[in-house]
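Colleague: Structure in structure tokens, see below.
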Amino acid sequence: MVCAYRARASQWPTPLFVDPWAETLAGADGHEIAKRLDQRFPPMEIWLALRVAYLDQLVGLAVDRLSIRQVVILGAGYDTRAARLPRAGVRFFEVDHPATQESKRERLGRLAGYPIEAATYVACNFEREDPIERLMASGFEASEPALVIWEGVVPYLTEAAVRATATRLATGLDPRSLVAFDFVGKKLAAGQNLSAADQQTREYVGELGEPIRYGTDDPLPLLYECGFRWVRSLDFNELALEMLGDYQRDRQFRFQHIALAAAKTPVAGWP
Ligand SMILES: C[S@@+](CC[C@H](N)C(=O)[O-])C[C@H]1O[C@@H](n2cnc3c(N)ncnc32)[C@H](O)[C@@H]1O
């Protein structure tokens, strides 16, 4: 489904990014699932495009302004950044559940021209294994800074799993590292006091097999308790204004945000 949205956004007259692999990875199934979500949550394509474009930009900023040379895609799914955003001297690590990773690699192997060696694949079940240990076993340097992109994962975890992983990232990575993740609001996660449209969106996502479990209106307290000492939250209306140049009240970006967190203030400051 995410690949279907990336494929559609790649066709915009002025695209925010182009993912040449997304169409084939999505397949007819991916497009069908996306169409059904469109009926419940029409701004999904724009929201997802903004999320992907912003996190793409972050890779460039981390490399150019923070001299980061390791990019970790946590819960990678069908992420294609390693192939789309290659930079000399920068290593991409894709950490994912072994089952997801196996089927992704099998699909990538059938994609003509996909540079499968662009990423180092790290199989890890977050419920049982320590992602930092698994990364280090694959050549990740814990004494060097990293950008961790934790995209489209946090809403589907329990609060305990979010806390455990965030604590490992805050304490186990070099303190110059930067973690970015998207999150949804408390009301959406709890399924309380929602409009009929938001309730339908929540139910449909649950039917797809990944129910929304965790939401917060302010991630700072949790991130502080996990060990982070620098936090920023971004609103999707702000991103739309910056990247698309407009604000539309009915876009319904009411419950999604992106958080940036670091164990100490990034040296270059942050926009
Ligand atoms: C909704 S997908 C997001 C994929 C991708 N980051 C994106 O934005 O399109 C959630 C990802 O979390 C991974 N995941 C869920 N539970 C996991 C676990 N216990 N251990 C490792 N990965 C897990 C899934 O394999 C999947 O790749």
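To be explicit about the labels: the chains of the structure tokens are called A, B, and onward in the order shown, and within each one the residues are counted from 1, while ligands get numbers from 1 in the order they are shown.
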Which residues, written as a ChimeraX atom specification, have at least one atom at most 6 Å from Phe92 in chain A, with only C-alpha atoms counted and residues fewer than 2 positions away on the same chain left out?

Modeller: /A:71-72,82,119

Colleague: If you keep all heavy atoms, can you produce a file of those selected residues as a PDB file, in the first residue's frame?

Modeller:
ATOM      1  N   VAL A  71      23.053   5.377   7.840  1.00  0.00           N
ATOM      2  CA  VAL A  71      21.607   5.595   7.858  1.00  0.00           C
ATOM      3  C   VAL A  71      20.945   4.262   8.195  1.00  0.00           C
ATOM      4  O   VAL A  71      21.161   3.269   7.497  1.00  0.00           O
ATOM      5  CB  VAL A  71      21.095   6.123   6.496  1.00  0.00           C
ATOM      6  CG1 VAL A  71      19.585   6.302   6.523  1.00  0.00           C
ATOM      7  CG2 VAL A  71      21.782   7.443   6.138  1.00  0.00           C
ATOM      8  N   VAL A  72      20.172   4.252   9.273  1.00  0.00           N
ATOM      9  CA  VAL A  72      19.489   3.030   9.703  1.00  0.00           C
ATOM     10  C   VAL A  72      18.000   3.189   9.422  1.00  0.00           C
ATOM     11  O   VAL A  72      17.382   4.148   9.880  1.00  0.00           O
ATOM     12  CB  VAL A  72      19.703   2.780  11.219  1.00  0.00           C
ATOM     13  CG1 VAL A  72      18.899   1.566  11.686  1.00  0.00           C
ATOM     14  CG2 VAL A  72      21.184   2.608  11.528  1.00  0.00           C
ATOM     15  N   ALA A  82      17.790   3.257   0.193  1.00  0.00           N
ATOM     16  CA  ALA A  82      19.174   2.836  -0.071  1.00  0.00           C
ATOM     17  C   ALA A  82      19.459   2.889  -1.569  1.00  0.00           C
ATOM     18  O   ALA A  82      20.556   3.246  -1.996  1.00  0.00           O
ATOM     19  CB  ALA A  82      19.409   1.427   0.474  1.00  0.00           C
ATOM     20  N   ALA A 119      21.999  -1.748   0.361  1.00  0.00           N
ATOM     21  CA  ALA A 119      21.722  -1.785   1.807  1.00  0.00           C
ATOM     22  C   ALA A 119      22.362  -3.011   2.434  1.00  0.00           C
ATOM     23  O   ALA A 119      22.562  -4.034   1.771  1.00  0.00           O
ATOM     24  CB  ALA A 119      20.213  -1.829   2.049  1.00  0.00           C
TER      25      ALA A 119
END

Colleague: Return as JSON lines the residues of chain A lying at most 9 Å from ligand 1, together with the closest atom-to-atom pair for each and the distance in Å to one decimal, counting only C-alpha atoms and all ligand atoms, with rows in chain order and ascending residue number.

Modeller:
{"residue": "A:Met1", "atom": "CA", "partner": "ligand 1", "partner_atom_place_in_ligand_line": "9 (O)", "distance": 8.3}
{"residue": "A:Val2", "atom": "CA", "partner": "ligand 1", "partner_atom_place_in_ligand_line": "9 (O)", "distance": 5.3}
{"residue": "A:Cys3", "atom": "CA", "partner": "ligand 1", "partner_atom_place_in_ligand_line": "9 (O)", "distance": 7.2}
{"residue": "A:Leu48", "atom": "CA", "partner": "ligand 1", "partner_atom_place_in_ligand_line": "8 (O)", "distance": 8.7}
{"residue": "A:Arg51", "atom": "CA", "partner": "ligand 1", "partner_atom_place_in_ligand_line": "8 (O)", "distance": 8.8}
{"residue": "A:Val52", "atom": "CA", "partner": "ligand 1", "partner_atom_place_in_ligand_line": "8 (O)", "distance": 8.0}
{"residue": "A:Ile73", "atom": "CA", "partner": "ligand 1", "partner_atom_place_in_ligand_line": "6 (N)", "distance": 7.1}
{"residue": "A:Leu74", "atom": "CA", "partner": "ligand 1", "partner_atom_place_in_ligand_line": "6 (N)", "distance": 6.8}
{"residue": "A:Gly75", "atom": "CA", "partner": "ligand 1", "partner_atom_place_in_ligand_line": "12 (O)", "distance": 3.9}
{"residue": "A:Ala76", "atom": "CA", "partner": "ligand 1", "partner_atom_place_in_ligand_line": "6 (N)", "distance": 4.2}
{"residue": "A:Gly77", "atom": "CA", "partner": "ligand 1", "partner_atom_place_in_ligand_line": "27 (O)", "distance": 3.2}
{"residue": "A:Tyr78", "atom": "CA", "partner": "ligand 1", "partner_atom_place_in_ligand_line": "9 (O)", "distance": 5.7}
{"residue": "A:Asp79", "atom": "CA", "partner": "ligand 1", "partner_atom_place_in_ligand_line": "5 (C)", "distance": 5.5}
{"residue": "A:Val95", "atom": "CA", "partner": "ligand 1", "partner_atom_place_in_ligand_line": "22 (N)", "distance": 7.2}
{"residue": "A:Asp96", "atom": "CA", "partner": "ligand 1", "partner_atom_place_in_ligand_line": "22 (N)", "distance": 4.3}
{"residue": "A:His97", "atom": "CA", "partner": "ligand 1", "partner_atom_place_in_ligand_line": "21 (C)", "distance": 3.6}
{"residue": "A:Pro98", "atom": "CA", "partner": "ligand 1", "partner_atom_place_in_ligand_line": "21 (C)", "distance": 7.3}
{"residue": "A:Ala99", "atom": "CA", "partner": "ligand 1", "partner_atom_place_in_ligand_line": "25 (O)", "distance": 7.2}
{"residue": "A:Thr100", "atom": "CA", "partner": "ligand 1", "partner_atom_place_in_ligand_line": "25 (O)", "distance": 4.8}
{"residue": "A:Gln101", "atom": "CA", "partner": "ligand 1", "partner_atom_place_in_ligand_line": "25 (O)", "distance": 7.1}
{"residue": "A:Ala123", "atom": "CA", "partner": "ligand 1", "partner_atom_place_in_ligand_line": "21 (C)", "distance": 7.7}
{"residue": "A:Cys124", "atom": "CA", "partner": "ligand 1", "partner_atom_place_in_ligand_line": "21 (C)", "distance": 5.4}
{"residue": "A:Asn125", "atom": "CA", "partner": "ligand 1", "partner_atom_place_in_ligand_line": "20 (N)", "distance": 3.5}
{"residue": "A:Phe126", "atom": "CA", "partner": "ligand 1", "partner_atom_place_in_ligand_line": "20 (N)", "distance": 3.9}
{"residue": "A:Glu127", "atom": "CA", "partner": "ligand 1", "partner_atom_place_in_ligand_line": "19 (N)", "distance": 4.8}
{"residue": "A:Arg128", "atom": "CA", "partner": "ligand 1", "partner_atom_place_in_ligand_line": "19 (N)", "distance": 7.7}
{"residue": "A:Glu129", "atom": "CA", "partner": "ligand 1", "partner_atom_place_in_ligand_line": "20 (N)", "distance": 8.2}
{"residue": "A:Pro131", "atom": "CA", "partner": "ligand 1", "partner_atom_place_in_ligand_line": "21 (C)", "distance": 8.7}
{"residue": "A:Ile149", "atom": "CA", "partner": "ligand 1", "partner_atom_place_in_ligand_line": "6 (N)", "distance": 8.0}
{"residue": "A:Trp150", "atom": "CA", "partner": "ligand 1", "partner_atom_place_in_ligand_line": "6 (N)", "distance": 6.4}
{"residue": "A:Glu151", "atom": "CA", "partner": "ligand 1", "partner_atom_place_in_ligand_line": "6 (N)", "distance": 4.4}
{"residue": "A:Gly152", "atom": "CA", "partner": "ligand 1", "partner_atom_place_in_ligand_line": "8 (O)", "distance": 4.2}
{"residue": "A:Val153", "atom": "CA", "partner": "ligand 1", "partner_atom_place_in_ligand_line": "10 (C)", "distance": 4.7}
{"residue": "A:Val154", "atom": "CA", "partner": "ligand 1", "partner_atom_place_in_ligand_line": "10 (C)", "distance": 8.3}
{"residue": "A:Pro155", "atom": "CA", "partner": "ligand 1", "partner_atom_place_in_ligand_line": "1 (C)", "distance": 8.7}
{"residue": "A:Tyr156", "atom": "CA", "partner": "ligand 1", "partner_atom_place_in_ligand_line": "1 (C)", "distance": 7.4}
{"residue": "A:Leu157", "atom": "CA", "partner": "ligand 1", "partner_atom_place_in_ligand_line": "16 (N)", "distance": 7.3}
{"residue": "A:Ala161", "atom": "CA", "partner": "ligand 1", "partner_atom_place_in_ligand_line": "19 (N)", "distance": 8.9}
{"residue": "A:Glu210", "atom": "CA", "partner": "ligand 1", "partner_atom_place_in_ligand_line": "1 (C)", "distance": 7.2}

Colleague: Looking at only C-alpha atoms, which of A:Ala28, A:Leu244, A:Glu117, A:Asp217 is the one that sits closest to Trp12 in chain A?

Modeller: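 Answer, going by the shortest atom-to-atom distance: A:Leu244.
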
Colleague: For the strand (DSSP E or B) assignment from backbone DSSP, which residues of range 19-74 of chain A qualify? Please present them as a PyMOL selection string.

Modeller: chain A and resi 70-74

Colleague: Next, dump the selected residues to file, keeping only N, CA and C atoms, as an mmCIF file, in the first residue's frame.

Modeller:
data_model
loop_
_atom_site.group_PDB
_atom_site.id
_atom_site.type_symbol
_atom_site.label_atom_id
_atom_site.label_comp_id
_atom_site.auth_asym_id
_atom_site.auth_seq_id
_atom_site.Cartn_x
_atom_site.Cartn_y
_atom_site.Cartn_z
ATOM 1 N N GLN A 70 26.080 6.865 8.474
ATOM 2 C CA GLN A 70 25.330 5.618 8.647
ATOM 3 C C GLN A 70 23.845 5.972 8.727
ATOM 4 N N VAL A 71 23.053 5.377 7.840
ATOM 5 C CA VAL A 71 21.607 5.595 7.858
ATOM 6 C C VAL A 71 20.945 4.262 8.195
ATOM 7 N N VAL A 72 20.172 4.252 9.273
ATOM 8 C CA VAL A 72 19.489 3.030 9.703
ATOM 9 C C VAL A 72 18.000 3.189 9.422
ATOM 10 N N ILE A 73 17.456 2.265 8.656
ATOM 11 C CA ILE A 73 16.015 2.291 8.384
ATOM 12 C C ILE A 73 15.407 1.194 9.274
ATOM 13 N N LEU A 74 14.744 1.639 10.313
ATOM 14 C CA LEU A 74 14.238 0.707 11.333
ATOM 15 C C LEU A 74 12.796 0.309 10.994
#

Colleague: Report as a ChimeraX atom specification all protein, DNA and RNA residues lying within 10 Å of Ser67 in chain A, evaluated on only C-alpha atoms, omitting residues in the same chain fewer than 3 positions from it.

Modeller: /A:60-64,70,90,145-146,176,268

Colleague: Compile the contact shell of Thr158 in chain A as a ChimeraX atom specification: residues with an atom at most 9 Å away, counting only C-alpha atoms, same-chain residues fewer than 4 positions apart removed.

Modeller: /A:154,162-163,212-214

Colleague: Which residue is closest to Leu50 in chain A? Choose from A:Arg249, A:His257, A:Arg232, A:Arg81 and count only C-alpha atoms.

Modeller: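 Answer, going by the shortest atom-to-atom distance: A:His257.
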
Colleague: Give me the residues near Gly206 in chain A as a VMD selection string, where near means some atom within 12 Å (using only C-alpha atoms) and where sequence neighbours in that chain fewer than 2 positions away do not count.

Modeller: chain A and resid 37 155 to 156 188 to 189 191 199 to 204 208 to 213

Colleague: If you measure from CA of Ala190 in chain A to CA of Ala263 in chain A, what distance in Å do you get, rounded to one decimal?

Modeller: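 For CA of Ala190 in chain A relative to CA of Ala263 in chain A, the distance reads 29.0 Å.
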
Colleague: Please report the interatomic distance between CA of Arg229 in chain A and CA of Gly185 in chain A in Å with one decimal.

Modeller: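 Interatomic distance, CA of Arg229 in chain A to CA of Gly185 in chain A: 21.8 Å.
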
Colleague: Just how far from CA of Glu23 in chain A is CA of Glu45 in chain A, in Å to one decimal?

Modeller: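 That distance, rounded to one decimal, is 14.2 Å.
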